[in-house]
Amino acid sequence: MLRRLADWAFYPGIAALAAAVVQQLFLPQYAAFRWPLIIAGLVLVLVSVLPRLRDPRPALGTRTARYSLNTAVFVLLLLGVITVVEALSFRHNARVDLTESSRYSLSAQTIQTLKGLKTKVSAIAFYRADQPGKRLIEDLFKQYARVAGDNFVWKSVDPDKDPALARGFGIENYGTTVLEAKGRTEKVQDADQEEKLTNALLKVTREGKRVVYVVQGHGEADLASSERAGFADAKAALEKANYDVKPLPLARQGKIPEDAAVVIVPGPRSDFFAPEIDALDGYLGKGGKLLAMINPPFPEKSQPESLRKLIGRYGVGLDDDLVIELNPIGQVFGIGPQVPIVQQYEPHPITRDMTGFTTLFPLARSLSTPKTPPAGVTIQPLARTTADSWGETNRASLEAGQVKPDPEDPKGPLTLAAVATKDKSRLVVYGTANVAINQFLNVQNNRDFFLNTVSWLAEQEDQISIRPKDTKSTPVFLTSQQAQAVFWLPVVILPGAAVVGGIVAVARRRSIK
């Protein structure tokens, strides 16, 4: 009886060891079961072997015993290899992200921020042990700590098990992350998204907020509007980057506030009053920072001529055309070929990380720069179109839907964005405001180009980078034939082949006997 129990103990022992291998390879979240399985497996295998230790020769002579011993040795060797590999990987590890949007890799902005940390940041994630986001935030913390080293320390806490710590930080909801640095704290809800965590990191490590004023009152993109032509998304993006964004009714206020780090003019459709131009001119003259986004002369019928003259004093000319580029992108947005694709950038801090990325400049005018700039002014183009583009100057042709280059039209490459500096003054001009309106801000890398511009104007060049992208699911669409193949191959054909193979093998053995 004992011998029979010993015989049967071998198979559960091998199964337990195999389960430990499977757990190590495919179920790392159940690490607590690994050593119990290994110990139980070894004990059961040892129990099955003990009755044969008195005289092992007859037992070892059987085919079953030899196969069982080989299996046990193989399992033990496999466990040994896994242990060695795990020990090596603990000290020397690497990650390879093959996802379409690099969703498991840190963005250039996050890496740049972490490497530039000059003070220690402490992060505490308050998650329940069974909360789905817990593993995501911990994996994100590990990546941050790998880049920042000792300047980023973290831990995850179950608020139910440590209510005193949760009350100390005023935690009211599960999934709250608290960042601490320089005596300041920042709370983030569901910070398992890289963008949220990095923005909180910027807020907690930077001294104060810089104020960005957005001029209103001339038909500009509405700062509060969530419509397609509004500026609400740009405002939200600037606030996430730790800027304080305020409207500036220049006609009523009459001057630029003293705390203005940057002033933005987002596509005015009517002219400015003389006192408004004087205010902008005086602001630039005292080292101010201005982003002027001026839409093309059509379909708009009125243009801010006084603002054109002000920009012209810094050597940037606004051409009276609409840039056309024959590509299929415009059809996606329902506006035809008036969506130039920009992939050519001139060397500048704003564009230093834009190589290989795409921005769209819908409904844009071209900009011109003189060969000899005004005294003391330095001018540099930022973004250019391809040689296949041109600047359409004939309004009647556009209204008739006839888009073809005429001899008098400027030919590509055309400049769509330029920068001018004089002493401490900084001026950036876009040939359109549509880069930053709600409809196009989050298309391709428009948001990066816009935020990089503001960061450079605000003299915060360490924030110039490519920012985290929202993770997205990439669904797989199958045809009916592909769906049938996916079903039949793993569910019917392969299992059926295994069954038939087994039947044939058994039949052959019996025929041999």
# chains A, B, ... in the order shown; residues from 1 in each chain; ligands from 1
call {"tool": "closest_atom_pairs", "arguments": {"of": "region 268-301 of chain A", "to": "region 429-443 of chain A", "cutoff": "10 Å", "atoms": "only C-alpha atoms", "output": "tab-separated table"}}
result
residue	atom	partner	partner_atom	distance
A:Pro268	CA	A:Ala433	CA	8.8
A:Leu290	CA	A:Val429	CA	8.4
A:Leu291	CA	A:Val429	CA	5.9
A:Ala292	CA	A:Val429	CA	4.9
A:Met293	CA	A:Tyr430	CA	4.6
A:Ile294	CA	A:Thr432	CA	5.1
A:Asn295	CA	A:Thr432	CA	4.2
A:Pro296	CA	A:Thr432	CA	6.7
call {"tool": "atom_distance", "arguments": {"atom1": "CA of Val178 (chain A)", "atom2": "CA of Ile137 (chain A)"}}
result
12.0 Å
call {"tool": "closest_residue", "arguments": {"among": "A:Val153, A:Val499, A:Ala234, A:Val211", "to": "Glu180 (chain A)", "atoms": "only C-alpha atoms"}}
result
A:Val153
call {"tool": "atom_distance", "arguments": {"atom1": "CA of Leu360 (chain A)", "atom2": "CA of Val323 (chain A)"}}
result
11.8 Å
call {"tool": "atom_distance", "arguments": {"atom1": "CA of Gln380 (chain A)", "atom2": "CA of Ser425 (chain A)"}}
result
14.2 Å
call {"tool": "residues_around", "arguments": {"residues": "Thr385 (chain A)", "least_positions_apart": "4", "cutoff": "10 Å", "atoms": "only C-alpha atoms", "output": "MDAnalysis selection string"}}
result
chainID A and resid 323:325 340:345 360:361 366 389:390 411:416
call {"tool": "write_last_selection", "arguments": {"atoms": "N, CA, C and O atoms", "output": "PDB file, in the first residue's frame"}}
result
ATOM      1  N   VAL A 323      -1.406  78.844 -48.794  1.00  0.00           N
ATOM      2  CA  VAL A 323      -0.478  77.780 -49.191  1.00  0.00           C
ATOM      3  C   VAL A 323      -1.265  76.532 -49.575  1.00  0.00           C
ATOM      4  O   VAL A 323      -2.125  76.053 -48.825  1.00  0.00           O
ATOM      5  N   ILE A 324      -0.944  76.008 -50.758  1.00  0.00           N
ATOM      6  CA  ILE A 324      -1.607  74.819 -51.301  1.00  0.00           C
ATOM      7  C   ILE A 324      -0.575  73.703 -51.451  1.00  0.00           C
ATOM      8  O   ILE A 324       0.545  73.934 -51.923  1.00  0.00           O
ATOM      9  N   GLU A 325      -0.964  72.516 -51.050  1.00  0.00           N
ATOM     10  CA  GLU A 325      -0.110  71.345 -51.252  1.00  0.00           C
ATOM     11  C   GLU A 325      -1.012  70.174 -51.613  1.00  0.00           C
ATOM     12  O   GLU A 325      -1.922  69.826 -50.840  1.00  0.00           O
ATOM     13  N   PRO A 340      -1.040  72.018 -45.643  1.00  0.00           N
ATOM     14  CA  PRO A 340       0.369  71.668 -45.875  1.00  0.00           C
ATOM     15  C   PRO A 340       0.905  70.751 -44.772  1.00  0.00           C
ATOM     16  O   PRO A 340       0.624  70.943 -43.587  1.00  0.00           O
ATOM     17  N   ILE A 341       1.681  69.766 -45.199  1.00  0.00           N
ATOM     18  CA  ILE A 341       2.324  68.852 -44.262  1.00  0.00           C
ATOM     19  C   ILE A 341       3.769  69.309 -44.087  1.00  0.00           C
ATOM     20  O   ILE A 341       4.502  69.459 -45.059  1.00  0.00           O
ATOM     21  N   VAL A 342       4.175  69.527 -42.840  1.00  0.00           N
ATOM     22  CA  VAL A 342       5.526  70.010 -42.556  1.00  0.00           C
ATOM     23  C   VAL A 342       6.337  68.895 -41.910  1.00  0.00           C
ATOM     24  O   VAL A 342       5.946  68.347 -40.881  1.00  0.00           O
ATOM     25  N   GLN A 343       7.449  68.569 -42.536  1.00  0.00           N
ATOM     26  CA  GLN A 343       8.414  67.628 -41.973  1.00  0.00           C
ATOM     27  C   GLN A 343       9.835  68.184 -42.077  1.00  0.00           C
ATOM     28  O   GLN A 343      10.790  67.500 -41.751  1.00  0.00           O
ATOM     29  N   GLN A 344       9.932  69.421 -42.550  1.00  0.00           N
ATOM     30  CA  GLN A 344      11.231  70.062 -42.730  1.00  0.00           C
ATOM     31  C   GLN A 344      11.346  71.227 -41.750  1.00  0.00           C
ATOM     32  O   GLN A 344      10.600  72.206 -41.828  1.00  0.00           O
ATOM     33  N   TYR A 345      12.260  71.105 -40.797  1.00  0.00           N
ATOM     34  CA  TYR A 345      12.439  72.113 -39.764  1.00  0.00           C
ATOM     35  C   TYR A 345      13.872  72.629 -39.787  1.00  0.00           C
ATOM     36  O   TYR A 345      14.810  71.863 -39.995  1.00  0.00           O
ATOM     37  N   LEU A 360       0.931  69.803 -39.028  1.00  0.00           N
ATOM     38  CA  LEU A 360       0.021  70.274 -40.069  1.00  0.00           C
ATOM     39  C   LEU A 360      -0.266  71.748 -39.857  1.00  0.00           C
ATOM     40  O   LEU A 360      -0.500  72.189 -38.727  1.00  0.00           O
ATOM     41  N   PHE A 361      -0.254  72.512 -40.955  1.00  0.00           N
ATOM     42  CA  PHE A 361      -0.548  73.951 -40.904  1.00  0.00           C
ATOM     43  C   PHE A 361      -1.759  74.227 -41.791  1.00  0.00           C
ATOM     44  O   PHE A 361      -1.628  74.745 -42.901  1.00  0.00           O
ATOM     45  N   SER A 366       2.024  82.028 -46.364  1.00  0.00           N
ATOM     46  CA  SER A 366       3.478  81.919 -46.310  1.00  0.00           C
ATOM     47  C   SER A 366       4.071  83.189 -45.696  1.00  0.00           C
ATOM     48  O   SER A 366       3.449  84.255 -45.698  1.00  0.00           O
ATOM     49  N   SER A 389       4.562  72.478 -53.080  1.00  0.00           N
ATOM     50  CA  SER A 389       3.543  73.429 -52.644  1.00  0.00           C
ATOM     51  C   SER A 389       3.707  74.762 -53.364  1.00  0.00           C
ATOM     52  O   SER A 389       4.736  75.038 -53.982  1.00  0.00           O
ATOM     53  N   TRP A 390       2.683  75.571 -53.253  1.00  0.00           N
ATOM     54  CA  TRP A 390       2.773  76.938 -53.774  1.00  0.00           C
ATOM     55  C   TRP A 390       1.814  77.829 -52.981  1.00  0.00           C
ATOM     56  O   TRP A 390       0.920  77.346 -52.279  1.00  0.00           O
ATOM     57  N   LYS A 411       6.485  79.699 -55.203  1.00  0.00           N
ATOM     58  CA  LYS A 411       6.631  78.243 -55.251  1.00  0.00           C
ATOM     59  C   LYS A 411       7.377  77.747 -54.008  1.00  0.00           C
ATOM     60  O   LYS A 411       8.200  78.431 -53.423  1.00  0.00           O
ATOM     61  N   GLY A 412       7.059  76.515 -53.625  1.00  0.00           N
ATOM     62  CA  GLY A 412       7.676  75.908 -52.457  1.00  0.00           C
ATOM     63  C   GLY A 412       9.132  75.567 -52.688  1.00  0.00           C
ATOM     64  O   GLY A 412       9.600  75.539 -53.830  1.00  0.00           O
ATOM     65  N   PRO A 413       9.885  75.325 -51.612  1.00  0.00           N
ATOM     66  CA  PRO A 413       9.444  75.310 -50.215  1.00  0.00           C
ATOM     67  C   PRO A 413       9.119  76.716 -49.700  1.00  0.00           C
ATOM     68  O   PRO A 413       9.822  77.669 -50.003  1.00  0.00           O
ATOM     69  N   LEU A 414       8.035  76.798 -48.918  1.00  0.00           N
ATOM     70  CA  LEU A 414       7.582  78.062 -48.366  1.00  0.00           C
ATOM     71  C   LEU A 414       7.696  78.026 -46.842  1.00  0.00           C
ATOM     72  O   LEU A 414       7.480  76.991 -46.213  1.00  0.00           O
ATOM     73  N   THR A 415       8.008  79.170 -46.264  1.00  0.00           N
ATOM     74  CA  THR A 415       8.135  79.271 -44.813  1.00  0.00           C
ATOM     75  C   THR A 415       6.768  79.501 -44.193  1.00  0.00           C
ATOM     76  O   THR A 415       6.031  80.402 -44.594  1.00  0.00           O
ATOM     77  N   LEU A 416       6.415  78.673 -43.191  1.00  0.00           N
ATOM     78  CA  LEU A 416       5.127  78.799 -42.511  1.00  0.00           C
ATOM     79  C   LEU A 416       5.267  79.292 -41.073  1.00  0.00           C
ATOM     80  O   LEU A 416       4.280  79.687 -40.463  1.00  0.00           O
TER      81      LEU A 416
END
